[in-house]
$ cat start.cif   # mmCIF, C-alpha atoms
data_run
#
loop_
_atom_site.label_atom_id
_atom_site.label_comp_id
_atom_site.auth_asym_id
_atom_site.auth_seq_id
_atom_site.Cartn_x
_atom_site.Cartn_y
_atom_site.Cartn_z
CA MET A 18 10.74 -20.31 -3.01
CA ALA A 19 7.36 -19.90 -4.64
CA THR A 20 6.03 -18.49 -7.85
CA LEU A 21 3.00 -16.31 -7.94
CA ILE A 22 0.20 -16.91 -10.34
CA ASN A 23 -0.43 -13.82 -12.38
CA GLN A 24 -4.17 -13.65 -12.54
CA ALA A 25 -4.07 -10.86 -15.06
CA ASN A 26 -2.21 -13.00 -17.54
CA THR A 27 -4.58 -15.15 -19.55
CA THR A 28 -2.12 -16.40 -22.12
CA GLY A 29 0.95 -18.56 -21.84
CA LEU A 30 0.47 -19.33 -18.20
CA GLU A 31 3.26 -21.69 -17.36
CA TYR A 32 5.18 -21.63 -14.14
CA ASP A 33 8.75 -22.74 -14.12
CA SER A 34 11.00 -22.85 -11.09
CA GLY A 35 14.07 -23.03 -13.29
CA GLN A 36 16.80 -25.51 -12.45
CA HIS A 37 18.33 -25.05 -9.04
CA ASP A 38 20.71 -26.96 -6.84
CA ALA A 39 19.19 -29.55 -4.57
CA SER A 40 18.24 -28.06 -1.24
CA SER A 41 18.24 -29.19 2.36
CA ALA A 42 14.53 -28.37 2.11
CA TYR A 43 14.16 -31.10 -0.45
CA TRP A 44 10.38 -31.46 -0.75
CA THR A 45 8.48 -29.60 -3.44
CA TRP A 46 4.71 -29.49 -3.79
CA ALA A 47 2.58 -28.61 -6.77
CA PHE A 48 -1.12 -28.36 -7.24
CA GLY A 49 -2.47 -28.48 -10.75
CA ASP A 50 -3.67 -30.39 -13.74
CA SER A 51 -0.50 -30.63 -15.70
CA ILE A 52 2.93 -30.82 -14.10
CA LEU A 53 6.47 -31.74 -15.05
CA PHE A 54 9.28 -32.37 -12.60
CA ARG A 55 12.88 -33.30 -13.24
CA ALA A 56 15.63 -34.38 -10.86
CA GLY A 57 19.22 -34.53 -12.08
CA ALA A 58 22.64 -35.54 -10.83
CA GLU A 59 25.87 -34.41 -12.43
CA GLU A 60 29.36 -35.67 -11.67
CA ALA A 61 31.44 -34.53 -8.70
CA SER A 62 32.96 -31.09 -9.10
CA ASN A 63 36.43 -32.54 -8.62
CA MET A 64 38.16 -35.90 -8.24
CA TRP A 65 38.46 -35.56 -4.48
CA GLN A 66 34.72 -35.77 -4.01
CA LYS A 67 32.33 -38.67 -4.24
CA HIS A 68 30.03 -38.56 -7.24
CA PRO A 69 26.61 -37.41 -6.12
CA GLU A 70 23.55 -39.51 -5.51
CA ALA A 71 20.05 -38.35 -4.78
CA ASN A 72 16.93 -40.05 -3.55
CA CYS A 73 13.93 -39.09 -5.70
CA GLU A 74 10.32 -39.62 -4.71
CA PHE A 75 7.04 -38.83 -6.44
CA TRP A 76 3.77 -38.88 -4.50
CA ARG A 77 0.16 -38.01 -5.24
CA PHE A 78 -2.57 -37.10 -2.80
CA SER A 79 -5.56 -39.33 -3.50
CA ILE A 80 -8.85 -37.48 -3.24
CA SER A 81 -10.82 -40.71 -3.05
CA SER A 82 -8.79 -42.18 -0.18
CA GLN A 83 -7.59 -38.89 1.30
CA SER A 84 -4.09 -40.29 1.63
CA TRP A 85 -0.70 -39.95 0.09
CA ILE A 86 0.25 -42.62 -2.44
CA LYS A 87 3.85 -43.16 -3.48
CA LEU A 88 4.36 -43.40 -7.22
CA ASP A 89 8.12 -43.65 -7.32
CA ASP A 90 11.12 -43.97 -5.02
CA THR A 91 14.50 -44.34 -6.63
CA THR A 92 18.11 -43.26 -6.47
CA ILE A 93 19.84 -41.43 -9.26
CA GLY A 94 23.59 -41.10 -9.60
CA LYS A 95 26.28 -39.53 -11.73
CA HIS A 96 25.04 -38.24 -15.10
CA SER A 97 21.47 -39.38 -14.66
CA SER A 98 18.08 -37.84 -14.23
CA ARG A 99 14.49 -38.77 -13.50
CA THR A 100 11.46 -37.01 -14.88
CA TYR A 101 7.92 -37.21 -13.56
CA SER A 102 4.82 -36.00 -15.32
CA VAL A 103 1.20 -35.39 -14.48
CA ARG A 104 -1.24 -35.33 -17.40
CA CYS A 105 1.44 -33.70 -19.48
CA ASN A 106 2.77 -34.38 -22.95
CA ASP A 107 5.72 -32.04 -22.69
CA THR A 108 8.97 -34.01 -22.82
CA SER A 109 11.31 -31.04 -22.90
CA LEU A 110 12.77 -32.04 -19.54
CA GLY A 111 13.21 -35.65 -20.64
CA SER A 112 10.94 -38.61 -21.15
CA PRO A 113 9.00 -39.27 -17.95
CA ALA A 114 10.11 -42.29 -15.98
CA VAL A 115 6.81 -42.24 -14.12
CA SER A 116 3.57 -40.52 -15.12
CA TYR A 117 0.30 -40.02 -13.37
CA ASN A 118 -2.57 -39.51 -15.79
CA GLY A 119 -5.58 -40.26 -13.62
CA ASN A 120 -8.15 -37.87 -12.20
CA ASP A 121 -7.89 -38.72 -8.51
CA SER A 122 -5.09 -36.31 -7.63
CA TYR A 123 -4.27 -32.68 -8.11
CA LEU A 124 -1.76 -32.30 -5.33
CA PHE A 125 1.66 -33.85 -5.81
CA ALA A 126 4.86 -34.06 -3.83
CA PHE A 127 8.38 -34.40 -5.19
CA LYS A 128 11.54 -35.10 -3.28
CA VAL A 129 15.17 -34.76 -4.34
CA GLN A 130 17.45 -35.40 -1.39
CA THR A 131 21.18 -35.54 -1.90
CA THR A 132 22.34 -38.69 -0.16
CA ARG A 133 25.97 -38.64 -1.28
CA GLY A 134 28.43 -36.11 -2.62
CA GLU A 135 27.92 -32.42 -3.17
CA SER A 136 24.35 -31.14 -3.07
CA PHE A 137 25.16 -28.51 -5.66
CA ARG A 138 25.83 -31.31 -8.15
CA CYS A 139 22.20 -32.45 -7.82
CA ASN A 140 19.34 -30.32 -9.01
CA ASP A 141 15.64 -30.21 -9.67
CA ARG A 142 13.08 -28.21 -11.58
CA ILE A 143 9.32 -28.03 -11.73
CA ARG A 144 6.89 -26.73 -14.32
CA VAL A 145 3.20 -26.29 -13.76
CA TYR A 146 0.90 -25.79 -16.73
CA ASN A 147 -2.52 -24.34 -16.40
CA VAL A 148 -5.73 -25.52 -17.93
CA GLY A 149 -6.54 -24.11 -21.29
CA THR A 150 -3.57 -21.86 -21.71
CA SER A 151 -1.11 -24.17 -23.34
CA ASN A 152 -1.40 -26.79 -26.03
CA ILE A 153 1.62 -28.64 -24.70
CA TYR A 154 -0.19 -30.82 -22.24
CA ASP A 155 -2.69 -33.53 -23.01
CA SER A 156 -5.68 -31.91 -24.65
CA ASP A 157 -7.95 -34.41 -22.88
CA VAL A 158 -7.40 -32.41 -19.73
CA LYS A 159 -8.90 -29.27 -21.16
CA GLY A 160 -12.12 -28.28 -19.53
CA LYS A 161 -12.54 -31.45 -17.53
CA TYR A 162 -11.17 -30.43 -14.18
CA ILE A 163 -11.37 -27.45 -12.03
CA TYR A 164 -9.46 -26.47 -9.00
CA GLY A 165 -8.93 -23.59 -6.72
CA ARG A 166 -6.30 -22.21 -4.45
CA SER A 167 -6.56 -20.07 -1.41
CA LEU A 168 -3.18 -18.49 -2.00
CA ASP A 169 -1.36 -17.37 -5.10
CA TYR A 170 1.06 -20.26 -5.35
CA ALA A 171 1.36 -22.47 -8.42
CA TYR A 172 3.81 -24.62 -6.51
CA ARG A 173 5.89 -24.61 -3.38
CA TYR A 174 9.47 -25.25 -4.36
CA HIS A 175 11.99 -26.56 -1.82
CA LEU A 176 9.48 -26.00 0.92
CA SER A 177 10.62 -28.32 3.69
CA SER A 178 12.67 -31.33 4.70
CA SER A 179 9.73 -33.44 5.78
CA GLY A 180 7.02 -34.94 3.70
CA PRO A 181 4.72 -35.78 2.22
CA THR A 182 2.61 -34.40 5.02
CA ILE A 183 0.90 -31.40 3.53
CA THR A 184 -2.83 -31.86 2.99
CA LEU A 185 -5.56 -30.19 1.04
CA THR A 186 -6.52 -28.26 4.12
CA ASP A 187 -3.25 -26.39 4.04
CA SER A 188 -3.68 -22.69 3.74
CA TRP A 189 -2.51 -22.42 0.17
CA LEU A 190 -4.91 -25.06 -1.13
CA THR A 191 -8.61 -25.68 -1.40
CA THR A 192 -10.45 -28.11 -3.58
CA ALA A 193 -13.66 -28.64 -1.68
CA GLY A 194 -16.56 -29.36 -3.97
CA LEU A 195 -14.68 -28.53 -7.13
CA ARG A 196 -13.18 -31.79 -8.32
CA GLY A 197 -14.52 -33.04 -11.60
CA THR A 198 -16.83 -30.10 -12.08
CA LYS A 199 -17.26 -28.97 -15.65
CA ILE A 200 -15.90 -25.51 -16.04
CA THR A 201 -18.60 -22.92 -16.47
CA THR A 202 -18.42 -19.21 -16.77
CA ALA A 203 -19.50 -18.89 -13.19
CA LEU A 204 -16.89 -21.34 -11.98
CA LYS A 205 -14.23 -19.70 -14.03
CA LYS A 206 -15.02 -16.53 -12.20
CA ARG A 207 -14.91 -18.41 -8.93
CA MET A 208 -11.54 -19.86 -9.78
CA ILE A 209 -10.27 -16.39 -10.28
CA SER A 210 -11.93 -15.22 -7.13
CA VAL A 211 -10.21 -17.94 -5.13
CA LYS A 212 -6.94 -16.89 -6.68
CA SER A 213 -6.67 -19.95 -8.83
CA ALA A 214 -5.12 -20.23 -12.21
CA ILE A 215 -7.35 -18.83 -14.90
CA ALA A 216 -8.90 -21.65 -16.86
CA LYS A 217 -10.46 -21.85 -20.26
CA THR A 218 -12.90 -24.36 -21.60
CA MET B 3 37.19 -13.66 3.45
CA ILE B 4 37.12 -16.53 0.96
CA GLU B 5 35.05 -14.49 -1.51
CA GLU B 6 37.66 -11.74 -1.36
CA LEU B 7 40.44 -14.23 -1.99
CA ILE B 8 38.57 -15.61 -5.00
CA THR B 9 38.35 -12.15 -6.53
CA GLN B 10 42.13 -11.92 -6.28
CA ILE B 11 42.72 -15.04 -8.36
CA ASP B 12 44.34 -14.13 -11.66
CA THR B 13 42.70 -16.44 -14.19
CA LYS B 14 44.80 -14.92 -16.98
CA LYS B 15 47.91 -16.29 -15.31
CA ILE B 16 46.27 -19.70 -15.08
CA LYS B 17 45.47 -19.58 -18.79
CA ASP B 18 49.00 -18.41 -19.63
CA THR B 19 50.48 -21.34 -17.74
CA LEU B 20 48.18 -23.85 -19.41
CA ASP B 21 48.99 -22.33 -22.79
CA ASN B 22 52.72 -22.77 -22.28
CA ILE B 23 53.18 -26.26 -20.90
CA ASN B 24 53.17 -29.71 -22.38
CA ILE B 25 52.37 -32.52 -20.01
CA GLN B 26 53.21 -36.06 -20.88
CA ILE B 27 50.31 -38.43 -20.44
CA PRO B 28 51.31 -40.98 -17.79
CA SER B 29 51.80 -44.43 -19.18
CA ILE B 30 49.34 -45.95 -16.68
CA ALA B 31 46.59 -43.47 -17.52
CA GLY B 32 44.59 -45.46 -20.06
CA ASP B 33 41.87 -43.46 -21.81
CA ILE B 34 41.17 -40.85 -19.14
CA PHE B 35 42.90 -38.18 -21.25
CA ASP B 36 40.66 -38.78 -24.27
CA THR B 37 37.95 -36.22 -23.55
CA PHE B 38 37.85 -33.07 -21.51
CA ALA B 39 35.15 -30.85 -20.15
CA SER B 40 35.52 -27.10 -19.92
CA PRO B 41 38.28 -26.64 -17.33
CA ARG B 42 37.20 -25.35 -13.95
CA LEU B 43 39.10 -23.90 -11.03
CA SER B 44 37.86 -26.50 -8.60
CA ILE B 45 39.83 -26.08 -5.36
CA VAL B 46 42.34 -23.75 -3.79
CA GLN B 47 44.71 -24.67 -0.99
CA LEU B 48 44.86 -22.02 1.70
CA ASP B 49 47.86 -21.98 3.96
CA TYR B 50 47.22 -20.28 7.28
CA ILE B 51 50.36 -18.49 8.33
CA ASN B 52 50.67 -16.09 11.26
CA GLY B 53 47.01 -15.14 11.19
CA GLU B 54 46.88 -14.67 7.42
CA TYR B 55 45.60 -16.83 4.59
CA GLU B 56 47.62 -17.38 1.48
CA ILE B 57 46.56 -19.28 -1.61
CA ALA B 58 49.28 -21.87 -1.96
CA LYS B 59 47.87 -23.97 -4.78
CA PHE B 60 45.25 -23.85 -7.50
CA TYR B 61 43.59 -27.06 -8.67
CA ILE B 62 42.19 -27.11 -12.19
CA THR B 63 39.74 -29.89 -13.02
CA MET B 64 40.06 -31.05 -16.64
CA ASN B 65 37.60 -33.91 -16.35
CA SER B 66 36.44 -36.17 -13.54
CA ASN B 67 39.74 -38.09 -13.62
CA VAL B 68 42.32 -35.44 -14.43
CA GLU B 69 43.44 -32.31 -12.62
CA ILE B 70 46.35 -29.89 -12.89
CA ALA B 71 47.72 -28.20 -9.78
CA LEU B 72 49.49 -24.85 -10.01
CA ASP B 73 51.60 -23.32 -7.26
CA LYS B 74 51.06 -19.90 -5.73
CA GLU B 75 53.05 -18.32 -8.55
CA TYR B 76 50.64 -19.94 -11.03
CA LYS B 77 53.38 -22.26 -12.24
CA PHE B 78 52.74 -25.93 -12.99
CA ASN B 79 53.06 -28.02 -9.86
CA VAL B 80 51.75 -31.52 -10.50
CA LEU B 81 49.35 -33.52 -12.62
CA ASN B 82 46.81 -35.37 -10.48
CA PHE B 83 44.73 -38.20 -11.86
CA CYS B 84 42.68 -41.17 -10.75
CA LEU B 85 41.79 -44.30 -12.65
CA ASP B 86 38.26 -45.64 -12.95
CA ASN B 87 39.36 -49.12 -11.91
CA ASP B 88 41.45 -47.88 -8.98
CA GLY B 89 39.15 -45.36 -7.33
CA ASP B 90 40.85 -45.25 -3.94
CA ALA B 91 44.12 -43.91 -5.34
CA ILE B 92 45.06 -40.52 -6.73
CA TYR B 93 48.42 -40.14 -8.39
CA SER B 94 50.56 -37.03 -8.68
CA TYR B 95 53.00 -36.88 -11.58
CA ASP B 96 55.36 -34.29 -12.91
CA ALA B 97 55.09 -33.18 -16.54
CA ASN B 98 57.47 -35.90 -17.69
CA ASN B 99 55.66 -39.09 -16.65
CA ASN B 100 57.37 -39.41 -13.27
CA GLU B 101 55.33 -40.22 -10.20
CA ILE B 102 55.90 -37.70 -7.41
CA THR B 103 53.42 -38.78 -4.75
CA SER B 104 50.17 -40.66 -4.38
CA TYR B 105 47.14 -40.51 -2.14
CA TYR B 106 44.90 -43.12 -0.60
CA ILE B 107 41.45 -41.55 -0.54
CA ASN B 108 38.31 -42.60 1.30
CA ARG B 109 35.63 -40.30 -0.13
CA ASP B 110 32.96 -41.87 2.08
CA ALA B 111 34.62 -40.15 5.04
CA LEU B 112 33.21 -36.86 3.73
CA SER B 113 29.67 -38.09 4.32
CA GLY B 114 30.31 -38.26 8.06
CA TYR B 115 28.92 -41.74 8.46
CA ASN B 116 32.11 -43.05 9.93
CA ASN B 117 35.10 -41.73 11.78
CA SER B 118 37.69 -42.72 9.24
CA THR B 119 40.50 -40.67 7.76
CA TYR B 120 39.60 -38.94 4.53
CA MET B 121 42.97 -39.12 2.83
CA ARG B 122 46.55 -40.14 3.39
CA LYS B 123 49.40 -38.93 1.20
CA SER B 124 52.42 -41.09 0.54
CA THR B 125 54.50 -38.43 2.29
CA GLY B 126 52.63 -39.20 5.52
CA ASP B 127 50.34 -36.17 5.51
CA ILE B 128 46.80 -36.84 6.72
CA TYR B 129 43.68 -35.05 5.46
CA ILE B 130 40.65 -34.63 7.70
CA PRO B 131 36.97 -34.08 6.75
CA PRO B 132 35.79 -30.48 7.23
CA PHE B 133 33.31 -31.20 10.01
CA ARG B 134 35.74 -32.96 12.33
CA PRO B 135 36.93 -30.67 15.15
CA LEU B 136 40.54 -29.66 15.19
CA GLY B 137 42.15 -29.18 18.57
CA GLY B 138 44.08 -26.12 19.60
CA GLU B 139 44.53 -22.74 18.05
CA TYR B 140 43.24 -23.71 14.61
CA GLU B 141 39.76 -24.85 15.66
CA PRO B 142 38.18 -21.36 15.37
CA ILE B 143 39.64 -21.15 11.85
CA ARG B 144 38.22 -24.54 10.90
CA LYS B 145 34.81 -23.54 12.25
CA GLN B 146 34.87 -20.28 10.36
CA LEU B 147 35.81 -21.95 7.09
CA GLU B 148 33.33 -24.78 7.58
CA GLN B 149 30.55 -22.24 7.80
CA THR B 150 31.29 -21.13 4.26
CA GLU B 151 30.28 -24.67 3.13
CA ARG B 152 33.31 -24.61 0.84
CA LEU B 153 35.76 -26.40 3.10
CA LEU B 154 36.60 -29.77 1.52
CA CYS B 155 39.16 -30.89 4.11
CA TYR B 156 42.14 -29.70 6.09
CA SER B 157 45.60 -30.99 6.85
CA LYS B 158 48.27 -30.19 9.37
CA LYS B 159 51.30 -31.09 7.35
CA ILE B 160 54.29 -32.92 8.71
CA ASP B 161 56.39 -29.88 7.87
CA GLY B 162 54.16 -27.77 10.17
CA ARG B 163 51.97 -25.97 7.64
CA MET B 164 48.25 -25.70 8.39
CA CYS B 165 46.39 -26.11 5.10
CA PHE B 166 42.72 -25.76 4.27
CA TYR B 167 41.24 -26.91 0.96
CA MET B 168 38.36 -24.79 -0.30
CA THR B 169 35.98 -25.76 -3.07
CA ILE B 170 35.69 -23.01 -5.67
CA ASP B 171 34.13 -24.72 -8.73
CA GLN B 172 34.55 -21.74 -10.99
CA GLU B 173 34.68 -21.80 -14.76
CA PHE B 174 37.25 -19.50 -16.33
CA ASN B 175 36.48 -19.76 -20.04
CA TYR B 176 39.52 -21.60 -21.21
CA GLN B 177 39.82 -23.66 -24.36
CA ILE B 178 42.32 -26.48 -23.89
CA LYS B 179 45.10 -26.32 -26.46
CA ASP B 180 45.70 -29.45 -28.53
CA ASP B 181 49.12 -30.25 -27.11
CA LEU B 182 48.51 -29.55 -23.44
CA PHE B 183 48.70 -33.31 -22.95
CA VAL B 184 51.02 -35.26 -25.18
CA SER B 185 51.51 -38.98 -25.58
CA GLU B 186 54.91 -40.56 -25.14
CA GLY B 187 57.03 -39.98 -28.23
CA GLN B 188 55.13 -36.91 -29.39
#

$ encode --input "start.cif" --output "structure tokens"
Amino acid sequence: MATLINQANTTGLEYDSGQHDASSAYWTWAFGDSILFRAGAEEASNMWQKHPEANCEFWRFSISSQSWIKLDDTTIGKHSSRTYSVRCNDTSLGSPAVSYNGNDSYLFAFKVQTTRGESFRCNDRIRVYNVGTSNIYDSDVKGKYIYGRSLDYAYRYHLSSSGPTITLTDSWLTTAGLRGTKITTALKKRMISVKSAIAKT
Amino acid sequence: MIEELITQIDTKKIKDTLDNINIQIPSIAGDIFDTFASPRLSIVQLDYINGEYEIAKFYITMNSNVEIALDKEYKFNVLNFCLDNDGDAIYSYDANNNEITSYYINRDALSGYNNSTYMRKSTGDIYIPPFRPLGGEYEPIRKQLEQTERLLCYSKKIDGRMCFYMTIDQEFNYQIKDDLFVSEGQ
């Protein structure tokens, strides 16, 4: 499942997967400045089943070391959840258990793998906010970073059952030469031309 | 097949039954009858008879510890419940605080990590996880039902019936009446 970025929409650009049952393709990727992710586990659907448990992981791809760095690895059970945030002040999905607020990563990986019980009693959801179009995320982010994409995906939801292996050379991503660049009119245009989110300074 | 059977379930009859019974809270139950979620039709028991399926029981989840089973005529059958401090047992009572049967349950068997029996009823009936092959004429049926990802378990009963238990997990918009469950002396 993937959500297209609407390049024609310059206001209210927020991409939300909605809450869905945990999948056998339990890795989700997102590329952006401001991201929220929530994993949840309910109780078993009936007394004959084991209450569900899910393994949750949160990774970032370090630009400086060109490697994946694990930020969190935990198990959630009955009636619990775990929220991760990236440079984001939105707490509507719950207070983040782990946040990444640095400037060394734009690509993130999230895993929610049901390890016990019914997979439809575990769920996850991702939101990706775009630079300059929402005042929900940390205003410090505005205008500081720039990124591009080679395809129209804000995130790749429930993409695969292996990870985190995707790299910045994957077809839907490109960041070469753009990290940390101040947004200019010309670069804004380039971001659009590389099918990125529209950004505002 | 299973989707078609679900469409035939008469939720009005389920509601009518729940509206017209009073079930005594078992004396060993503790506080598991204190709060209820919105009731859900959680499981149906399918009996496979002469090449046809028949819904033989409806299981209504009231909360994670309490369940009401109705028979194929939508009449009250038993009250099932489990206690938080006795997780390997499920008790079946009638509406008047009398134990009918009990189950020993090993929920870990559903995860497939071991080869153990999923459940054993005090009557002697054995319940098998959905993925475990079933010899003989019923194996194609098991395979077919397993593919729906709704098959919880199956059991070849001592009395000869072949029963499959299908997860439904369907809400039916029912508000529990105040005296559905009554304490002793009420």

$ interface_residues --input "start.cif" --of "chain A" --to "chain B" --cutoff "10 Å" --atoms "only C-alpha atoms" --output "ChimeraX atom specification"
/A:60-68,132-135

$ atom_distance --input "start.cif" --atom1 "atom CA of A:Asn118" --atom2 "atom CA of A:Arg77"
11.0 Å

$ atom_distance --input "start.cif" --atom1 "atom CA of A:Gly57" --atom2 "atom CA of B:Gln47"
29.5 Å

$ atom_distance --input "start.cif" --atom1 "atom CA of B:Tyr50" --atom2 "atom CA of B:Tyr105"
22.3 Å

$ residues_around --input "start.cif" --residues "A:Pro181" --least-positions-apart "6" --cutoff "12 Å" --atoms "all atoms listed in the file" --output "VMD selection string"
chain A and resid 43 to 47 74 to 78 84 to 87 124 to 128

$ resolve_selection --input "start.cif" --expression "the PyMOL selection byres ((chain B and resi 129) around 9)" --output "list of chain:residue names"
B:Thr119, B:Tyr120, B:Met121, B:Arg122, B:Lys123, B:Asp127, B:Ile128, B:Ile130, B:Pro131, B:Cys155, B:Tyr156, B:Ser157, B:Lys158, B:Lys159

$ closest_residue --input "start.cif" --among "B:Met3, B:Phe78, B:Phe166, B:Ser185" --to "B:Ala31" --atoms "all atoms listed in the file"
B:Ser185

$ resolve_selection --input "start.cif" --expression "the PyMOL selection byres ((chain B and resi 146) around 12)" --output "number ranges by chain"
B: 3-4, 132-133, 135-136, 140-145, 147-153, 166

$ write_last_selection --input "start.cif" --atoms "C-alpha atoms" --output "PDB file, in the coordinates of the input"
ATOM      1  CA  MET B   3      37.190 -13.660   3.450  1.00  0.00           C
ATOM      2  CA  ILE B   4      37.120 -16.530   0.960  1.00  0.00           C
ATOM      3  CA  PRO B 132      35.790 -30.480   7.230  1.00  0.00           C
ATOM      4  CA  PHE B 133      33.310 -31.200  10.010  1.00  0.00           C
ATOM      5  CA  PRO B 135      36.930 -30.670  15.150  1.00  0.00           C
ATOM      6  CA  LEU B 136      40.540 -29.660  15.190  1.00  0.00           C
ATOM      7  CA  TYR B 140      43.240 -23.710  14.610  1.00  0.00           C
ATOM      8  CA  GLU B 141      39.760 -24.850  15.660  1.00  0.00           C
ATOM      9  CA  PRO B 142      38.180 -21.360  15.370  1.00  0.00           C
ATOM     10  CA  ILE B 143      39.640 -21.150  11.850  1.00  0.00           C
ATOM     11  CA  ARG B 144      38.220 -24.540  10.900  1.00  0.00           C
ATOM     12  CA  LYS B 145      34.810 -23.540  12.250  1.00  0.00           C
ATOM     13  CA  LEU B 147      35.810 -21.950   7.090  1.00  0.00           C
ATOM     14  CA  GLU B 148      33.330 -24.780   7.580  1.00  0.00           C
ATOM     15  CA  GLN B 149      30.550 -22.240   7.800  1.00  0.00           C
ATOM     16  CA  THR B 150      31.290 -21.130   4.260  1.00  0.00           C
ATOM     17  CA  GLU B 151      30.280 -24.670   3.130  1.00  0.00           C
ATOM     18  CA  ARG B 152      33.310 -24.610   0.840  1.00  0.00           C
ATOM     19  CA  LEU B 153      35.760 -26.400   3.100  1.00  0.00           C
ATOM     20  CA  PHE B 166      42.720 -25.760   4.270  1.00  0.00           C
TER      21      PHE B 166
END

$ closest_residue --input "start.cif" --among "B:Ser40, B:Lys15, B:Glu5, B:Thr103" --to "B:Lys179" --atoms "only C-alpha atoms"
B:Ser40

$ resolve_selection --input "start.cif" --expression "the PyMOL selection byres ((chain A and resi 99-109) around 7)" --output "ChimeraX atom specification"
/A:50-57,98,110-118,153-155

$ residues_around --input "start.cif" --residues "B:Asp73" --least-positions-apart "2" --cutoff "6 Å" --atoms "all atoms listed in the file" --output "PyMOL selection string"
chain B and resi 58-59+75-77+79

$ axis_aligned_box --input "start.cif" --around "stretch 86-89 of chain A" --padding-each-side "3 Å" --output "AutoDock Vina command-line options"
--center_x 4.2 --center_y -43.1 --center_z -4.9 --size_x 13.9 --size_y 7.0 --size_z 10.9

$ residues_around --input "start.cif" --residues "B:Gln177" --least-positions-apart "6" --cutoff "10 Å" --atoms "all atoms listed in the file" --output "PyMOL selection string"
chain B and resi 17+20-21+39-41
